[in-house]
Every structure is written in C-alpha cells, then in structure tokens.
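K.L.:
Contents of protein.pdb (PDB, C-alpha atoms and all ligand atoms):
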```pdb
ATOM      1  CA  MET A   1     149.612 115.464  57.034  1.00  0.00           C
ATOM      2  CA  ALA A   2     146.755 113.949  55.057  1.00  0.00           C
ATOM      3  CA  GLY A   3     145.829 110.490  56.298  1.00  0.00           C
ATOM      4  CA  ARG A   4     147.482 107.446  54.791  1.00  0.00           C
ATOM      5  CA  ARG A   5     145.489 104.520  53.428  1.00  0.00           C
ATOM      6  CA  VAL A   6     146.355 101.272  55.156  1.00  0.00           C
ATOM      7  CA  LEU A   7     146.083  97.821  53.592  1.00  0.00           C
ATOM      8  CA  VAL A   8     146.041  94.917  56.046  1.00  0.00           C
ATOM      9  CA  LEU A   9     146.986  91.803  54.090  1.00  0.00           C
ATOM     10  CA  LEU A  10     145.833  88.941  56.282  1.00  0.00           C
ATOM     11  CA  ALA A  11     147.173  85.418  55.794  1.00  0.00           C
ATOM     12  CA  HIS A  12     145.648  82.897  58.189  1.00  0.00           C
ATOM     13  CA  PRO A  13     144.507  79.541  56.761  1.00  0.00           C
ATOM     14  CA  VAL A  14     141.864  78.847  59.441  1.00  0.00           C
ATOM     15  CA  LEU A  15     140.718  82.176  60.775  1.00  0.00           C
ATOM     16  CA  GLU A  16     137.660  80.659  62.457  1.00  0.00           C
ATOM     17  CA  ARG A  17     140.022  78.755  64.775  1.00  0.00           C
ATOM     18  CA  SER A  18     142.316  81.707  65.370  1.00  0.00           C
ATOM     19  CA  ARG A  19     142.545  83.363  68.778  1.00  0.00           C
ATOM     20  CA  VAL A  20     144.980  86.142  68.160  1.00  0.00           C
ATOM     21  CA  ASN A  21     144.750  87.120  64.511  1.00  0.00           C
ATOM     22  CA  ARG A  22     140.968  87.120  64.479  1.00  0.00           C
ATOM     23  CA  ARG A  23     140.847  89.425  67.470  1.00  0.00           C
ATOM     24  CA  LEU A  24     143.576  91.710  66.149  1.00  0.00           C
ATOM     25  CA  LEU A  25     141.594  92.034  62.969  1.00  0.00           C
ATOM     26  CA  GLU A  26     138.415  92.863  64.866  1.00  0.00           C
ATOM     27  CA  ALA A  27     140.300  95.694  66.551  1.00  0.00           C
ATOM     28  CA  VAL A  28     141.094  97.517  63.298  1.00  0.00           C
ATOM     29  CA  ARG A  29     138.608  96.504  60.650  1.00  0.00           C
ATOM     30  CA  ASP A  30     136.168  99.353  61.365  1.00  0.00           C
ATOM     31  CA  LEU A  31     138.839 102.059  61.118  1.00  0.00           C
ATOM     32  CA  ASP A  32     138.495 104.682  58.413  1.00  0.00           C
ATOM     33  CA  ALA A  33     141.004 104.362  55.554  1.00  0.00           C
ATOM     34  CA  VAL A  34     141.882 100.806  56.557  1.00  0.00           C
ATOM     35  CA  THR A  35     141.228  97.964  54.087  1.00  0.00           C
ATOM     36  CA  VAL A  36     141.329  94.406  55.393  1.00  0.00           C
ATOM     37  CA  HIS A  37     142.162  91.912  52.651  1.00  0.00           C
ATOM     38  CA  ASP A  38     141.920  88.271  53.759  1.00  0.00           C
ATOM     39  CA  LEU A  39     144.028  86.340  51.243  1.00  0.00           C
ATOM     40  CA  TYR A  40     142.780  82.827  52.127  1.00  0.00           C
ATOM     41  CA  GLU A  41     139.182  84.023  51.976  1.00  0.00           C
ATOM     42  CA  VAL A  42     139.600  85.763  48.627  1.00  0.00           C
ATOM     43  CA  TYR A  43     141.762  82.994  47.104  1.00  0.00           C
ATOM     44  CA  PRO A  44     140.668  79.648  48.606  1.00  0.00           C
ATOM     45  CA  THR A  45     142.405  77.798  45.756  1.00  0.00           C
ATOM     46  CA  LEU A  46     145.514  80.007  46.054  1.00  0.00           C
ATOM     47  CA  ALA A  47     144.906  81.348  42.538  1.00  0.00           C
ATOM     48  CA  ILE A  48     146.010  84.895  43.232  1.00  0.00           C
ATOM     49  CA  ASP A  49     144.752  87.618  40.907  1.00  0.00           C
ATOM     50  CA  VAL A  50     148.017  89.469  40.431  1.00  0.00           C
ATOM     51  CA  ARG A  51     146.567  92.555  38.750  1.00  0.00           C
ATOM     52  CA  ARG A  52     143.973  92.944  41.487  1.00  0.00           C
ATOM     53  CA  GLU A  53     146.669  92.698  44.154  1.00  0.00           C
ATOM     54  CA  GLN A  54     148.888  95.185  42.386  1.00  0.00           C
ATOM     55  CA  ARG A  55     145.972  97.605  42.094  1.00  0.00           C
ATOM     56  CA  LEU A  56     145.325  97.279  45.821  1.00  0.00           C
ATOM     57  CA  LEU A  57     148.951  98.067  46.555  1.00  0.00           C
ATOM     58  CA  VAL A  58     148.857 101.173  44.389  1.00  0.00           C
ATOM     59  CA  GLU A  59     145.714 102.365  46.195  1.00  0.00           C
ATOM     60  CA  HIS A  60     147.321 102.229  49.646  1.00  0.00           C
ATOM     61  CA  ASP A  61     150.246 103.918  51.375  1.00  0.00           C
ATOM     62  CA  VAL A  62     150.903 101.402  54.138  1.00  0.00           C
ATOM     63  CA  VAL A  63     150.982  97.605  53.815  1.00  0.00           C
ATOM     64  CA  VAL A  64     150.595  95.520  56.964  1.00  0.00           C
ATOM     65  CA  PHE A  65     151.378  91.832  56.536  1.00  0.00           C
ATOM     66  CA  GLN A  66     149.332  90.230  59.312  1.00  0.00           C
ATOM     67  CA  HIS A  67     149.906  86.519  59.904  1.00  0.00           C
ATOM     68  CA  PRO A  68     150.808  83.821  62.389  1.00  0.00           C
ATOM     69  CA  PHE A  69     154.479  82.833  62.420  1.00  0.00           C
ATOM     70  CA  TYR A  70     154.755  79.510  60.568  1.00  0.00           C
ATOM     71  CA  TRP A  71     158.167  77.852  60.635  1.00  0.00           C
ATOM     72  CA  TYR A  72     159.802  81.179  61.418  1.00  0.00           C
ATOM     73  CA  SER A  73     158.148  82.628  58.368  1.00  0.00           C
ATOM     74  CA  MET A  74     154.682  83.119  56.915  1.00  0.00           C
ATOM     75  CA  PRO A  75     151.764  80.952  55.783  1.00  0.00           C
ATOM     76  CA  SER A  76     152.289  79.742  52.240  1.00  0.00           C
ATOM     77  CA  ILE A  77     149.759  82.016  50.529  1.00  0.00           C
ATOM     78  CA  LEU A  78     151.814  85.023  51.528  1.00  0.00           C
ATOM     79  CA  LYS A  79     154.939  83.527  49.982  1.00  0.00           C
ATOM     80  CA  GLU A  80     152.907  82.843  46.827  1.00  0.00           C
ATOM     81  CA  TRP A  81     151.679  86.437  46.977  1.00  0.00           C
ATOM     82  CA  GLN A  82     155.281  87.693  47.229  1.00  0.00           C
ATOM     83  CA  ASP A  83     156.430  85.533  44.330  1.00  0.00           C
ATOM     84  CA  LEU A  84     153.606  86.607  42.030  1.00  0.00           C
ATOM     85  CA  VAL A  85     152.743  90.146  43.011  1.00  0.00           C
ATOM     86  CA  LEU A  86     156.215  91.563  43.583  1.00  0.00           C
ATOM     87  CA  GLU A  87     157.491  90.400  40.232  1.00  0.00           C
ATOM     88  CA  HIS A  88     160.825  91.674  39.003  1.00  0.00           C
ATOM     89  CA  GLY A  89     160.583  94.902  37.059  1.00  0.00           C
ATOM     90  CA  GLY A  90     157.146  95.596  38.446  1.00  0.00           C
ATOM     91  CA  ALA A  91     157.373  96.192  42.134  1.00  0.00           C
ATOM     92  CA  SER A  92     161.109  95.707  42.414  1.00  0.00           C
ATOM     93  CA  GLY A  93     164.259  95.848  40.365  1.00  0.00           C
ATOM     94  CA  ALA A  94     165.287  98.359  37.768  1.00  0.00           C
ATOM     95  CA  GLY A  95     162.361 100.471  36.653  1.00  0.00           C
ATOM     96  CA  GLY A  96     160.049  99.131  39.323  1.00  0.00           C
ATOM     97  CA  THR A  97     158.741 101.981  41.378  1.00  0.00           C
ATOM     98  CA  ARG A  98     155.201 100.931  42.197  1.00  0.00           C
ATOM     99  CA  LEU A  99     155.903 100.371  45.878  1.00  0.00           C
ATOM    100  CA  CYS A 100     158.483 103.108  46.320  1.00  0.00           C
ATOM    101  CA  GLY A 101     157.964 105.100  49.487  1.00  0.00           C
ATOM    102  CA  LYS A 102     155.215 102.920  50.889  1.00  0.00           C
ATOM    103  CA  ILE A 103     155.475 101.871  54.506  1.00  0.00           C
ATOM    104  CA  SER A 104     155.336  98.205  55.477  1.00  0.00           C
ATOM    105  CA  PHE A 105     155.497  96.072  58.582  1.00  0.00           C
ATOM    106  CA  HIS A 106     154.520  92.623  59.788  1.00  0.00           C
ATOM    107  CA  ALA A 107     151.955  92.000  62.511  1.00  0.00           C
ATOM    108  CA  ILE A 108     152.723  88.520  63.777  1.00  0.00           C
ATOM    109  CA  SER A 109     151.516  86.051  66.354  1.00  0.00           C
ATOM    110  CA  THR A 110     153.884  83.380  67.624  1.00  0.00           C
ATOM    111  CA  GLY A 111     153.209  80.197  69.539  1.00  0.00           C
ATOM    112  CA  ALA A 112     156.470  80.539  71.450  1.00  0.00           C
ATOM    113  CA  PRO A 113     156.957  83.051  74.262  1.00  0.00           C
ATOM    114  CA  ALA A 114     159.099  86.177  73.895  1.00  0.00           C
ATOM    115  CA  SER A 115     161.882  84.532  75.928  1.00  0.00           C
ATOM    116  CA  ALA A 116     162.336  81.917  73.169  1.00  0.00           C
ATOM    117  CA  TYR A 117     163.186  84.606  70.610  1.00  0.00           C
ATOM    118  CA  ARG A 118     166.508  85.588  72.104  1.00  0.00           C
ATOM    119  CA  ARG A 119     170.078  84.524  71.510  1.00  0.00           C
ATOM    120  CA  ASP A 120     169.923  82.318  74.609  1.00  0.00           C
ATOM    121  CA  GLY A 121     166.364  81.136  73.940  1.00  0.00           C
ATOM    122  CA  TYR A 122     165.443  77.943  72.109  1.00  0.00           C
ATOM    123  CA  ASN A 123     164.641  79.808  68.890  1.00  0.00           C
ATOM    124  CA  ARG A 124     168.085  81.508  69.023  1.00  0.00           C
ATOM    125  CA  PHE A 125     167.100  84.490  66.871  1.00  0.00           C
ATOM    126  CA  THR A 126     164.813  87.460  67.378  1.00  0.00           C
ATOM    127  CA  VAL A 127     161.614  87.685  65.345  1.00  0.00           C
ATOM    128  CA  ARG A 128     163.062  90.676  63.528  1.00  0.00           C
ATOM    129  CA  GLU A 129     166.175  88.697  62.581  1.00  0.00           C
ATOM    130  CA  LEU A 130     164.031  85.842  61.296  1.00  0.00           C
ATOM    131  CA  LEU A 131     162.084  88.312  59.157  1.00  0.00           C
ATOM    132  CA  VAL A 132     165.211  89.493  57.322  1.00  0.00           C
ATOM    133  CA  PRO A 133     164.265  87.906  53.939  1.00  0.00           C
ATOM    134  CA  CYS A 134     160.894  89.678  54.059  1.00  0.00           C
ATOM    135  CA  GLU A 135     162.410  92.925  55.210  1.00  0.00           C
ATOM    136  CA  GLN A 136     165.016  92.839  52.453  1.00  0.00           C
ATOM    137  CA  THR A 137     162.385  91.985  49.826  1.00  0.00           C
ATOM    138  CA  GLU A 138     160.321  94.968  50.912  1.00  0.00           C
ATOM    139  CA  HIS A 139     163.454  97.132  50.956  1.00  0.00           C
ATOM    140  CA  LEU A 140     164.329  96.076  47.403  1.00  0.00           C
ATOM    141  CA  CYS A 141     160.826  97.110  46.383  1.00  0.00           C
ATOM    142  CA  GLY A 142     161.545 100.574  47.774  1.00  0.00           C
ATOM    143  CA  MET A 143     159.325 100.172  50.795  1.00  0.00           C
ATOM    144  CA  ARG A 144     160.155 101.627  54.167  1.00  0.00           C
ATOM    145  CA  THR A 145     159.938  98.685  56.547  1.00  0.00           C
ATOM    146  CA  LEU A 146     159.246  99.182  60.218  1.00  0.00           C
ATOM    147  CA  ALA A 147     159.892  96.756  63.059  1.00  0.00           C
ATOM    148  CA  PRO A 148     157.273  94.035  63.497  1.00  0.00           C
ATOM    149  CA  PHE A 149     154.304  94.135  65.851  1.00  0.00           C
ATOM    150  CA  VAL A 150     154.469  90.787  67.660  1.00  0.00           C
ATOM    151  CA  VAL A 151     152.016  88.986  69.935  1.00  0.00           C
ATOM    152  CA  HIS A 152     153.869  86.138  71.633  1.00  0.00           C
ATOM    153  CA  ALA A 153     152.644  82.944  73.287  1.00  0.00           C
ATOM    154  CA  ALA A 154     149.451  82.949  71.267  1.00  0.00           C
ATOM    155  CA  LEU A 155     148.359  79.560  72.536  1.00  0.00           C
ATOM    156  CA  ARG A 156     148.380  80.764  76.125  1.00  0.00           C
ATOM    157  CA  LEU A 157     146.348  83.874  75.374  1.00  0.00           C
ATOM    158  CA  GLY A 158     142.889  82.433  75.673  1.00  0.00           C
ATOM    159  CA  SER A 159     140.658  84.991  77.269  1.00  0.00           C
ATOM    160  CA  ALA A 160     139.361  88.241  75.897  1.00  0.00           C
ATOM    161  CA  ASP A 161     140.975  90.003  78.877  1.00  0.00           C
ATOM    162  CA  GLU A 162     144.429  88.752  77.961  1.00  0.00           C
ATOM    163  CA  LEU A 163     144.008  89.785  74.357  1.00  0.00           C
ATOM    164  CA  ALA A 164     142.471  93.208  74.987  1.00  0.00           C
ATOM    165  CA  PRO A 165     145.784  95.062  75.537  1.00  0.00           C
ATOM    166  CA  HIS A 166     147.181  93.629  72.289  1.00  0.00           C
ATOM    167  CA  GLN A 167     144.039  94.649  70.417  1.00  0.00           C
ATOM    168  CA  ALA A 168     144.242  98.168  71.849  1.00  0.00           C
ATOM    169  CA  ALA A 169     147.936  98.477  70.977  1.00  0.00           C
ATOM    170  CA  TYR A 170     147.376  97.246  67.420  1.00  0.00           C
ATOM    171  CA  ARG A 171     144.525  99.709  66.872  1.00  0.00           C
ATOM    172  CA  ARG A 172     146.632 102.542  68.309  1.00  0.00           C
ATOM    173  CA  LEU A 173     149.526 101.612  66.045  1.00  0.00           C
ATOM    174  CA  ILE A 174     147.423 101.438  62.878  1.00  0.00           C
ATOM    175  CA  GLU A 175     145.719 104.732  63.710  1.00  0.00           C
ATOM    176  CA  ALA A 176     149.107 106.352  64.358  1.00  0.00           C
ATOM    177  CA  VAL A 177     150.699 105.217  61.101  1.00  0.00           C
ATOM    178  CA  ARG A 178     147.525 106.207  59.216  1.00  0.00           C
ATOM    179  CA  ASP A 179     147.469 109.674  60.779  1.00  0.00           C
ATOM    180  CA  GLY A 180     151.202 110.383  60.499  1.00  0.00           C
ATOM    181  CA  ARG A 181     151.706 110.181  64.251  1.00  0.00           C
ATOM    182  CA  LEU A 182     154.338 107.447  64.293  1.00  0.00           C
ATOM    183  CA  ASP A 183     158.013 108.358  64.480  1.00  0.00           C
ATOM    184  CA  LEU A 184     159.006 106.326  61.426  1.00  0.00           C
ATOM    185  CA  ASP A 185     162.764 106.456  61.940  1.00  0.00           C
ATOM    186  CA  ARG A 186     162.442 105.116  65.460  1.00  0.00           C
ATOM    187  CA  ALA A 187     159.791 102.598  64.420  1.00  0.00           C
ATOM    188  CA  ALA A 188     162.193 101.280  61.790  1.00  0.00           C
ATOM    189  CA  ALA A 189     165.058 101.000  64.249  1.00  0.00           C
ATOM    190  CA  ALA A 190     163.098  99.395  67.112  1.00  0.00           C
ATOM    191  CA  ALA A 191     163.224  95.674  67.904  1.00  0.00           C
ATOM    192  CA  ASN A 192     159.441  95.581  67.758  1.00  0.00           C
ATOM    193  CA  LEU A 193     156.539  98.000  67.755  1.00  0.00           C
ATOM    194  CA  ASN A 194     154.918  96.690  70.925  1.00  0.00           C
ATOM    195  CA  ASP A 195     157.365  97.286  73.749  1.00  0.00           C
ATOM    196  CA  GLU A 196     158.098 100.866  72.829  1.00  0.00           C
ATOM    197  CA  LEU A 197     154.848 101.907  71.188  1.00  0.00           C
ATOM    198  CA  GLU A 198     154.167 104.908  73.425  1.00  0.00           C
ATOM    199  CA  ALA A 199     157.708 106.202  72.841  1.00  0.00           C
ATOM    200  CA  LEU A 200     157.259 105.817  69.097  1.00  0.00           C
ATOM    201  CA  LEU A 201     154.154 107.977  68.922  1.00  0.00           C
ATOM    202  CA  ALA A 202     154.861 111.465  67.681  1.00  0.00           C
ATOM    203  CA  PRO A 203     152.695 114.459  68.591  1.00  0.00           C
ATOM    204  CA  ARG A 204     149.687 114.890  66.330  1.00  0.00           C
ATOM    205  CA  GLU A 205     150.771 116.778  63.229  1.00  0.00           C
ATOM    206  CA  VAL A 206     148.946 119.973  62.415  1.00  0.00           C
ATOM    207  CA  ALA A 207     147.550 120.115  58.866  1.00  0.00           C
TER
HETATM  208  C1  LIG B 301     152.419  75.044  60.528  1.00  0.00           C
HETATM  209  C2  LIG B 301     152.695  75.818  61.780  1.00  0.00           C
HETATM  210  C3  LIG B 301     153.970  76.332  62.003  1.00  0.00           C
HETATM  211  C4  LIG B 301     154.231  77.077  63.151  1.00  0.00           C
HETATM  212  N1  LIG B 301     155.473  77.598  63.317  1.00  0.00           N
HETATM  213  C5  LIG B 301     155.728  78.369  64.407  1.00  0.00           C
HETATM  214  C6  LIG B 301     157.002  78.973  64.566  1.00  0.00           C
HETATM  215  O1  LIG B 301     157.902  78.843  63.740  1.00  0.00           O
HETATM  216  N2  LIG B 301     157.208  79.730  65.660  1.00  0.00           N
HETATM  217  C7  LIG B 301     156.234  79.941  66.605  1.00  0.00           C
HETATM  218  O2  LIG B 301     156.494  80.652  67.584  1.00  0.00           O
HETATM  219  N3  LIG B 301     155.000  79.385  66.465  1.00  0.00           N
HETATM  220  C8  LIG B 301     154.730  78.614  65.384  1.00  0.00           C
HETATM  221  N4  LIG B 301     153.484  78.084  65.211  1.00  0.00           N
HETATM  222  C9  LIG B 301     152.406  78.469  66.155  1.00  0.00           C
HETATM  223  C10 LIG B 301     151.574  79.600  65.552  1.00  0.00           C
HETATM  224  O3  LIG B 301     152.375  80.727  65.281  1.00  0.00           O
HETATM  225  C11 LIG B 301     150.435  79.977  66.494  1.00  0.00           C
HETATM  226  O4  LIG B 301     149.588  78.860  66.574  1.00  0.00           O
HETATM  227  C12 LIG B 301     149.685  81.164  65.939  1.00  0.00           C
HETATM  228  O5  LIG B 301     150.489  82.309  65.979  1.00  0.00           O
HETATM  229  C13 LIG B 301     148.425  81.406  66.747  1.00  0.00           C
HETATM  230  O6  LIG B 301     147.724  82.492  66.179  1.00  0.00           O
HETATM  231  P1  LIG B 301     146.152  82.392  65.955  1.00  0.00           P
HETATM  232  O7  LIG B 301     145.527  82.320  67.325  1.00  0.00           O
HETATM  233  O8  LIG B 301     145.746  83.611  65.225  1.00  0.00           O
HETATM  234  O9  LIG B 301     145.896  81.140  65.170  1.00  0.00           O
HETATM  235  C14 LIG B 301     153.201  77.313  64.106  1.00  0.00           C
HETATM  236  C15 LIG B 301     151.928  76.764  63.880  1.00  0.00           C
HETATM  237  C16 LIG B 301     151.676  76.025  62.735  1.00  0.00           C
HETATM  238  C17 LIG B 301     150.290  75.473  62.511  1.00  0.00           C
END
```
Taking this structure as input, can you express it in the form of structure tokens?
P.N.:
Amino acid sequence: MAGRRVLVLLAHPVLERSRVNRRLLEAVRDLDAVTVHDLYEVYPTLAIDVRREQRLLVEHDVVVFQHPFYWYSMPSILKEWQDLVLEHGGASGAGGTRLCGKISFHAISTGAPASAYRRDGYNRFTVRELLVPCEQTEHLCGMRTLAPFVVHAALRLGSADELAPHQAAYRRLIEAVRDGRLDLDRAAAAANLNDELEALLAPREVA
C-alpha cells in the first residue's frame, strides 16, 4: 500500500530534561513521512491554534500521542488539545468524520516499572486500562486505536545503551505503521506494542 503519513504529537513540558521522550523522538524525527509536532514548543502559553491542529490531523493518517505518563494520564497541554481540537461535531459526534479511519496510539514513558502496572502491583491497573478515557475518545472520533508503546522505569534508564533498544523498537514500529507492515487487528488487541512487536509485523506488502 502507499505509505501513510504519521503525525507524532509530543507533549513533554521540559524536553531538555527528558531522558526517554527526547531519545525516542531522536529515533524517528528523520523518517520520511513523519511529522514531529512538539506542543509545548509550539504553544508555550498553551494557546492552541485549533484550526492549525485540525489541518495537521487532516494531513496525516496516523496520530501518535507521545508523552510521559503524568498521574496515570497525560501532561495538561494534551488534555487541552483534546478539549479544543476534538470538538463535538468536528472530529467526533454526529456529522464529525474528520478523523474517521485514522490510526492512533500512545507512546508513553512511565516512572514506575512494568511490575507496578499489574493487578497485584502498586498501580493496580495496566497502562492500557488507565488509557481507557483516551482510547474511548479516539474511538468516538472514528479512529482505530492500537495498544500503547510503553517504556517503563524511565528514571532508571540513564545510559544510551539502556535506551537504544527502545529507540530501535520505536523506529521499527513507526516505520511499520507508515509502510502498512503492522498487523493492525493484532496491534489493537495486544496489551502493548513493545513485548510482541516482532509478532505484530506483517510481511512487506507488495504495491
Ligand atoms: C507530574 C508528574 C506526574 C507523574 N505521574 C506518573 C504516573 O502516574 N505514573 C508513572 O509511572 N510515572 C509518573 N511520573 C514519572 C514520569 O512518567 C517520568 O518521569 C517520565 O516518564 C520520564 O520521561 P522523560 O525521561 O522523557 O522525562 C510522573 C512525573 C511527573 C513530573
């Protein structure tokens, strides 16, 4: 199939102090057909240009919400973005078809380790469960939401060596969804896109 255009919507309030998100971004920003849109950089006063954001959405086929996990959710600019950009009747609701058929997923870093995001862990819920309000919002907008890509224990991942496999996996994932090489049904049903990434890759499609 023809390549998809991928929009990475980044929400990190202090990217210069980031370990994980900054490096994940570095791994994909040079890719063809991938647009990186840093919301805090573009809107330092949080005054989101709704029309500009809606145009960006229309111009892309895949939306990746990349952000650190903040209070089991997202940094505030992304909530503001949701509230303003996905307005009723535009992106969602009756008559809203702008986002119909687009693919979305979250690429998240967490401070807590993977073991905390289990029923018997101290966070009690999986990351995917905690993302249900986002997933349902995207679903209501007609988007096809995949499982999240999650990098756990961000504070312990200091060195470039420790981060390299996550960078490589993220790049592989974005390339695959761009090139139509991701098994979307399985990627939607998975708990996350990391653990099973190789199994989720479909053979390269012939044009
Ligand atoms: C305001 C705030 C809230 C946070 N909430 C969570 C949380 O709910 N769960 C979690 O695992 N980590 C939480 N963290 C830790 C961040 O997710 C972690 O620092 C971040 O993912 C690291 O990514 P970075 O290296 O790109 O900054 C929180 C951090 C801050 C500053």
K.L.:
Which residues are near ligand LIG 301 (chain B) in this structure, taking near to mean any atom at most 10 Å from a ligand atom and counting all atoms listed in the file? Format them as a PyMOL selection string.
P.N.:
chain A and resi 11-25+66-76+108-114+116-117+123+127+130+150-158
K.L.:
If you count all atoms listed in the file, which residues fall within 7 Å of Phe149 (chain A), apart from same-chain ones fewer than 4 positions away, as a list in words?
P.N.:
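So, after excluding close chain neighbours, the residues are His106, Ala107, Ile108, Asn192, Leu193 and Asn194 of chain A.
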K.L.:
With C-alpha atoms retained, export the selected residues as a PDB file, in the frame of the given file.
P.N.:
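Saved as again19.pdb:
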```
ATOM      1  CA  HIS A 106     154.520  92.623  59.788  1.00  0.00           C
ATOM      2  CA  ALA A 107     151.955  92.000  62.511  1.00  0.00           C
ATOM      3  CA  ILE A 108     152.723  88.520  63.777  1.00  0.00           C
ATOM      4  CA  ASN A 192     159.441  95.581  67.758  1.00  0.00           C
ATOM      5  CA  LEU A 193     156.539  98.000  67.755  1.00  0.00           C
ATOM      6  CA  ASN A 194     154.918  96.690  70.925  1.00  0.00           C
TER       7      ASN A 194
END
```
K.L.:
What do you get, as a list in words, if you spell out every residue that the PyMOL selection byres (((chain A and resi 183-188) around 6) and not hetatm) selects here?
P.N.:
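The output of the PyMOL selection byres (((chain A and resi 183-188) around 6) and not hetatm) on this file is Leu146, Ala147, Leu182, Ala189, Ala190, Leu200, Leu201 and Ala202 of chain A.
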K.L.:
Can those selected residues be exported to a file as a CSV table (one decimal), keeping the file's coordinate frame so that it contains C-alpha atoms?
P.N.:
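As a result, out.csv now contains:
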```
chain,number,residue,atom,x,y,z
A,146,LEU,CA,159.2,99.2,60.2
A,147,ALA,CA,159.9,96.8,63.1
A,182,LEU,CA,154.3,107.4,64.3
A,189,ALA,CA,165.1,101.0,64.2
A,190,ALA,CA,163.1,99.4,67.1
A,200,LEU,CA,157.3,105.8,69.1
A,201,LEU,CA,154.2,108.0,68.9
A,202,ALA,CA,154.9,111.5,67.7
```
K.L.:
In file coordinates, which residues lie within 9 Å of (148.3, 88.6, 41.5) using all atoms listed in the file, given as a VMD selection string?
P.N.:
chain A and resid 47 to 54 81 84 to 86
K.L.:
When the PyMOL selection byres (((chain A and resi 60) around 9) and not hetatm) is applied to the file above, which residues end up in the set, as a list of chain:residue names?
P.N.:
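Applying the PyMOL selection byres (((chain A and resi 60) around 9) and not hetatm) to the structure shown produces A:Arg4, A:Arg5, A:Val6, A:Leu7, A:Ala33, A:Val34, A:Thr35, A:Arg55, A:Leu56, A:Leu57, A:Val58, A:Glu59, A:Asp61, A:Val62, A:Val63, A:Lys102.
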K.L.:
Counting only C-alpha atoms, what is within 8 Å of Cys100 (chain A), bar same-chain residues fewer than 5 positions away, as a PDB file with C-alpha atoms, in the coordinates of the input?
P.N.:
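Below you can see out.pdb, which holds the result:
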```pdb
ATOM      1  CA  CYS A 141     160.826  97.110  46.383  1.00  0.00           C
ATOM      2  CA  GLY A 142     161.545 100.574  47.774  1.00  0.00           C
ATOM      3  CA  MET A 143     159.325 100.172  50.795  1.00  0.00           C
TER       4      MET A 143
END
```
K.L.:
Please, what distance in Å, to one decimal, runs between CA of Pro148 (chain A) and CA of Glu26 (chain A)?
P.N.:
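Atom-to-atom, CA of Pro148 (chain A) and CA of Glu26 (chain A) are spaced 18.9 Å apart.
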K.L.:
Interatomic distance between CA of Glu196 (chain A) and CA of Ala169 (chain A)?
P.N.:
10.6 Å
K.L.:
Evaluated on this file, the PyMOL selection byres (((chain A and resi 38) around 8) and not hetatm) picks out some residues - which ones are they, written as a list in words?
P.N.:
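Written out, the selection comes to Leu9, Leu10, Ala11, His12, Val36, His37, Leu39, Tyr40, Glu41 and Val42 of chain A.
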K.L.:
Would you output that residue set with C-alpha atoms, as a compact mmCIF listing (two decimals), in the coordinates of the input?
P.N.:
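The resulting file, again-v5.txt, is shown below:
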```
# COMPACT_ATOMS: atom_id res chain seq x y z
CA LEU A 9 146.99 91.80 54.09
CA LEU A 10 145.83 88.94 56.28
CA ALA A 11 147.17 85.42 55.79
CA HIS A 12 145.65 82.90 58.19
CA VAL A 36 141.33 94.41 55.39
CA HIS A 37 142.16 91.91 52.65
CA LEU A 39 144.03 86.34 51.24
CA TYR A 40 142.78 82.83 52.13
CA GLU A 41 139.18 84.02 51.98
CA VAL A 42 139.60 85.76 48.63
```
K.L.:
Can you tell me how far CA of Ser104 (chain A) sits from CA of Arg119 (chain A), in Å to one decimal?
P.N.:
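Interatomic distance, CA of Ser104 (chain A) to CA of Arg119 (chain A): 25.7 Å.
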K.L.:
Listed atoms of region 162-167 of chain A, axis-aligned box, 4 Å per side: centre and edge lengths to one decimal in Å, as JSON?
P.N.:
```
{"center_x": 144.8, "center_y": 91.9, "center_z": 74.2, "size_x": 12.7, "size_y": 14.3, "size_z": 15.5}
```
